Amino acid sequence: GTQVLFSEFTLADLSGEYRFREVDRLLVKGKAKAVSIYESLDVYPEARFPYMDKVIAAYTAGLKHYRARDFKDGFTQFEKALNLHPGDSLSKLYRDRCTHFLTTPPPEDWDGVWTMTTK
């Protein structure tokens, strides 16, 4: 549901000012270290991503709660983002993960990294 994704390594090489948001921390099958991936926001015209600043603020707050295992408040923030922009696939993804973890908590050693089981 995103247009342009890039890794933390690309982010480190960028010069200039760009709008982006963190998508996830992923552990790819066969790798030992998780990598952060990001979405470019500069590709979206206003009509395709309404209320972007407010959506991103709620999304960022939701991601912070999610990683702190505060799934109830994370859910609330992702719902807030979706009320502003129902088409925001990342807020929907995390809202659904929060819903899942509210009923089936992750293990105690969970670090917020999403493990990819296939390449």
# chains A, B, ... in the order shown; residues from 1 in each chain; ligands from 1

$ residues_around --residues "Tyr18 in chain A" --least-positions-apart "6" --cutoff "12 Å" --atoms "only C-alpha atoms" --output "PyMOL selection string"
chain A and resi 11+38-43

$ residues_around --residues "Ala47 in chain A" --least-positions-apart "4" --cutoff "12 Å" --atoms "only C-alpha atoms" --output "PDB file with C-alpha atoms, in the first residue's frame"
ATOM      1  CA  VAL A  43       5.317  11.303  -3.929  1.00  0.00           C
ATOM      2  CA  TYR A  51      -4.373  15.758   6.273  1.00  0.00           C
ATOM      3  CA  MET A  52      -0.867  14.341   5.911  1.00  0.00           C
ATOM      4  CA  HIS A  85      -7.317   9.284   6.000  1.00  0.00           C
ATOM      5  CA  GLY A  87      -6.826   4.902   2.843  1.00  0.00           C
TER       6      GLY A  87
END

$ atom_distance --atom1 "CA of Ile37 in chain A" --atom2 "CA of Ser7 in chain A"
4.4 Å

$ residues_around --residues "Phe49 in chain A" --least-positions-apart "3" --cutoff "12 Å" --atoms "only C-alpha atoms" --output "tab-separated table (two decimals) with N, CA and C atoms, in the first residue's frame"
chain	number	residue	atom	x	y	z
A	2	THR	N	2.10	1.17	-0.30
A	2	THR	CA	2.96	2.35	-0.35
A	2	THR	C	3.50	2.51	-1.77
A	3	GLN	N	4.01	3.70	-2.06
A	3	GLN	CA	4.55	3.98	-3.39
A	3	GLN	C	6.05	3.73	-3.48
A	41	LEU	N	7.18	10.24	1.45
A	41	LEU	CA	5.88	10.92	1.44
A	41	LEU	C	5.82	12.01	0.38
A	42	ASP	N	6.95	12.33	-0.21
A	42	ASP	CA	7.00	13.38	-1.22
A	42	ASP	C	6.26	13.01	-2.50
A	43	VAL	N	5.97	11.75	-2.70
A	43	VAL	CA	5.32	11.30	-3.93
A	43	VAL	C	3.80	11.49	-3.91
A	44	TYR	N	3.23	11.85	-2.75
A	44	TYR	CA	1.78	11.95	-2.63
A	44	TYR	C	1.28	13.38	-2.78
A	45	PRO	N	0.42	13.62	-3.76
A	45	PRO	CA	-0.23	14.93	-3.82
A	45	PRO	C	-1.27	15.02	-2.71
A	46	GLU	N	-1.65	16.22	-2.35
A	46	GLU	CA	-2.61	16.46	-1.26
A	46	GLU	C	-3.87	15.63	-1.41
A	52	MET	N	-2.11	15.09	5.72
A	52	MET	CA	-0.87	14.34	5.91
A	52	MET	C	-0.19	14.64	7.25
A	53	ASP	N	-0.03	15.90	7.60
A	53	ASP	CA	0.69	16.22	8.84
A	53	ASP	C	0.00	15.62	10.05
A	54	LYS	N	-1.32	15.71	10.11
A	54	LYS	CA	-2.06	15.15	11.25
A	54	LYS	C	-2.03	13.63	11.24
A	55	VAL	N	-2.14	13.04	10.07
A	55	VAL	CA	-2.08	11.58	9.96
A	55	VAL	C	-0.72	11.07	10.42
A	56	ILE	N	0.34	11.72	9.94
A	56	ILE	CA	1.69	11.28	10.30
A	56	ILE	C	1.95	11.47	11.79
A	81	ALA	N	-5.55	8.24	12.98
A	81	ALA	CA	-4.98	8.45	11.64
A	81	ALA	C	-5.95	7.99	10.56
A	82	LEU	N	-6.58	6.85	10.78
A	82	LEU	CA	-7.51	6.32	9.78
A	82	LEU	C	-8.79	7.13	9.67
A	84	LEU	N	-8.84	10.29	9.79
A	84	LEU	CA	-8.44	11.41	8.95
A	84	LEU	C	-8.21	10.98	7.50
A	85	HIS	N	-7.65	9.79	7.33
A	85	HIS	CA	-7.32	9.28	6.00
A	85	HIS	C	-7.55	7.77	5.98
A	86	PRO	N	-8.79	7.36	5.66
A	86	PRO	CA	-9.14	5.94	5.67
A	86	PRO	C	-8.29	5.07	4.74
A	87	GLY	N	-7.64	5.66	3.78
A	87	GLY	CA	-6.83	4.90	2.84
A	87	GLY	C	-5.38	4.69	3.28
A	88	ASP	N	-5.04	5.08	4.49
A	88	ASP	CA	-3.65	4.93	4.94
A	88	ASP	C	-3.39	3.48	5.33
A	89	SER	N	-2.79	2.75	4.41
A	89	SER	CA	-2.60	1.31	4.60
A	89	SER	C	-1.68	0.98	5.77

$ residues_around --residues "Gly112 in chain A" --least-positions-apart "3" --cutoff "10 Å" --atoms "only C-alpha atoms" --output "list in words"
Asp24, Arg25, Leu26, Leu63, Tyr66, Arg67, Ala68, Arg69, Pro106, Asp109 and Thr115 of chain A

$ decode --residues "range 33-68 of chain A" --atoms "N, CA and C atoms" --output "mmCIF file, in the first residue's frame"
data_model
loop_
_atom_site.group_PDB
_atom_site.id
_atom_site.type_symbol
_atom_site.label_atom_id
_atom_site.label_comp_id
_atom_site.auth_asym_id
_atom_site.auth_seq_id
_atom_site.Cartn_x
_atom_site.Cartn_y
_atom_site.Cartn_z
ATOM 1 N N LYS A 33 20.414 -9.230 11.486
ATOM 2 C CA LYS A 33 20.148 -7.908 12.044
ATOM 3 C C LYS A 33 18.950 -7.265 11.348
ATOM 4 N N ALA A 34 18.070 -6.670 12.151
ATOM 5 C CA ALA A 34 16.895 -5.994 11.612
ATOM 6 C C ALA A 34 17.300 -4.698 10.909
ATOM 7 N N VAL A 35 16.497 -4.312 9.928
ATOM 8 C CA VAL A 35 16.724 -3.098 9.155
ATOM 9 C C VAL A 35 15.453 -2.266 9.195
ATOM 10 N N SER A 36 15.604 -0.966 9.377
ATOM 11 C CA SER A 36 14.452 -0.068 9.320
ATOM 12 C C SER A 36 14.173 0.275 7.865
ATOM 13 N N ILE A 37 12.873 0.283 7.521
ATOM 14 C CA ILE A 37 12.480 0.706 6.183
ATOM 15 C C ILE A 37 11.549 1.905 6.316
ATOM 16 N N TYR A 38 11.559 2.736 5.293
ATOM 17 C CA TYR A 38 10.849 4.007 5.301
ATOM 18 C C TYR A 38 10.015 4.161 4.041
ATOM 19 N N GLU A 39 9.009 5.009 4.141
ATOM 20 C CA GLU A 39 8.174 5.361 2.999
ATOM 21 C C GLU A 39 8.426 6.819 2.653
ATOM 22 N N SER A 40 8.642 7.088 1.365
ATOM 23 C CA SER A 40 8.744 8.468 0.907
ATOM 24 C C SER A 40 7.344 9.059 0.872
ATOM 25 N N LEU A 41 7.176 10.238 1.445
ATOM 26 C CA LEU A 41 5.885 10.920 1.445
ATOM 27 C C LEU A 41 5.819 12.009 0.384
ATOM 28 N N ASP A 42 6.947 12.330 -0.206
ATOM 29 C CA ASP A 42 7.000 13.384 -1.216
ATOM 30 C C ASP A 42 6.260 13.007 -2.499
ATOM 31 N N VAL A 43 5.967 11.745 -2.695
ATOM 32 C CA VAL A 43 5.317 11.303 -3.929
ATOM 33 C C VAL A 43 3.804 11.489 -3.906
ATOM 34 N N TYR A 44 3.233 11.850 -2.748
ATOM 35 C CA TYR A 44 1.777 11.950 -2.628
ATOM 36 C C TYR A 44 1.284 13.383 -2.784
ATOM 37 N N PRO A 45 0.424 13.618 -3.759
ATOM 38 C CA PRO A 45 -0.231 14.931 -3.825
ATOM 39 C C PRO A 45 -1.274 15.022 -2.710
ATOM 40 N N GLU A 46 -1.647 16.220 -2.355
ATOM 41 C CA GLU A 46 -2.606 16.462 -1.262
ATOM 42 C C GLU A 46 -3.870 15.626 -1.410
ATOM 43 N N ALA A 47 -4.382 15.513 -2.623
ATOM 44 C CA ALA A 47 -5.636 14.785 -2.842
ATOM 45 C C ALA A 47 -5.508 13.292 -2.535
ATOM 46 N N ARG A 48 -4.315 12.726 -2.687
ATOM 47 C CA ARG A 48 -4.121 11.296 -2.431
ATOM 48 C C ARG A 48 -3.767 11.001 -0.981
ATOM 49 N N PHE A 49 -3.340 12.018 -0.247
ATOM 50 C CA PHE A 49 -2.975 11.824 1.159
ATOM 51 C C PHE A 49 -3.438 13.040 1.951
ATOM 52 N N PRO A 50 -4.777 13.135 2.175
ATOM 53 C CA PRO A 50 -5.314 14.293 2.884
ATOM 54 C C PRO A 50 -4.856 14.333 4.341
ATOM 55 N N TYR A 51 -4.745 15.541 4.864
ATOM 56 C CA TYR A 51 -4.373 15.758 6.273
ATOM 57 C C TYR A 51 -3.051 15.077 6.638
ATOM 58 N N MET A 52 -2.107 15.094 5.720
ATOM 59 C CA MET A 52 -0.867 14.341 5.911
ATOM 60 C C MET A 52 -0.190 14.636 7.250
ATOM 61 N N ASP A 53 -0.026 15.903 7.596
ATOM 62 C CA ASP A 53 0.693 16.221 8.835
ATOM 63 C C ASP A 53 0.004 15.618 10.052
ATOM 64 N N LYS A 54 -1.317 15.709 10.113
ATOM 65 C CA LYS A 54 -2.057 15.152 11.252
ATOM 66 C C LYS A 54 -2.029 13.628 11.244
ATOM 67 N N VAL A 55 -2.138 13.037 10.065
ATOM 68 C CA VAL A 55 -2.083 11.577 9.960
ATOM 69 C C VAL A 55 -0.718 11.068 10.416
ATOM 70 N N ILE A 56 0.338 11.715 9.939
ATOM 71 C CA ILE A 56 1.694 11.279 10.296
ATOM 72 C C ILE A 56 1.948 11.466 11.793
ATOM 73 N N ALA A 57 1.429 12.526 12.386
ATOM 74 C CA ALA A 57 1.591 12.732 13.838
ATOM 75 C C ALA A 57 0.916 11.603 14.611
ATOM 76 N N ALA A 58 -0.307 11.237 14.223
ATOM 77 C CA ALA A 58 -1.011 10.145 14.905
ATOM 78 C C ALA A 58 -0.306 8.820 14.651
ATOM 79 N N TYR A 59 0.131 8.589 13.426
ATOM 80 C CA TYR A 59 0.847 7.359 13.076
ATOM 81 C C TYR A 59 2.133 7.225 13.904
ATOM 82 N N THR A 60 2.885 8.304 13.985
ATOM 83 C CA THR A 60 4.147 8.282 14.733
ATOM 84 C C THR A 60 3.895 8.003 16.208
ATOM 85 N N ALA A 61 2.875 8.627 16.778
ATOM 86 C CA ALA A 61 2.516 8.362 18.173
ATOM 87 C C ALA A 61 2.083 6.905 18.336
ATOM 88 N N GLY A 62 1.300 6.415 17.391
ATOM 89 C CA GLY A 62 0.864 5.023 17.446
ATOM 90 C C GLY A 62 2.027 4.057 17.383
ATOM 91 N N LEU A 63 2.996 4.335 16.524
ATOM 92 C CA LEU A 63 4.169 3.473 16.399
ATOM 93 C C LEU A 63 4.978 3.466 17.699
ATOM 94 N N LYS A 64 5.077 4.617 18.336
ATOM 95 C CA LYS A 64 5.791 4.695 19.617
ATOM 96 C C LYS A 64 5.096 3.822 20.672
ATOM 97 N N HIS A 65 3.765 3.914 20.751
ATOM 98 C CA HIS A 65 3.015 3.084 21.702
ATOM 99 C C HIS A 65 3.150 1.598 21.357
ATOM 100 N N TYR A 66 3.048 1.284 20.089
ATOM 101 C CA TYR A 66 3.155 -0.103 19.619
ATOM 102 C C TYR A 66 4.482 -0.710 20.064
ATOM 103 N N ARG A 67 5.563 0.006 19.841
ATOM 104 C CA ARG A 67 6.889 -0.536 20.189
ATOM 105 C C ARG A 67 7.109 -0.612 21.691
ATOM 106 N N ALA A 68 6.341 0.170 22.453
ATOM 107 C CA ALA A 68 6.416 0.123 23.915
ATOM 108 C C ALA A 68 5.442 -0.915 24.483
#
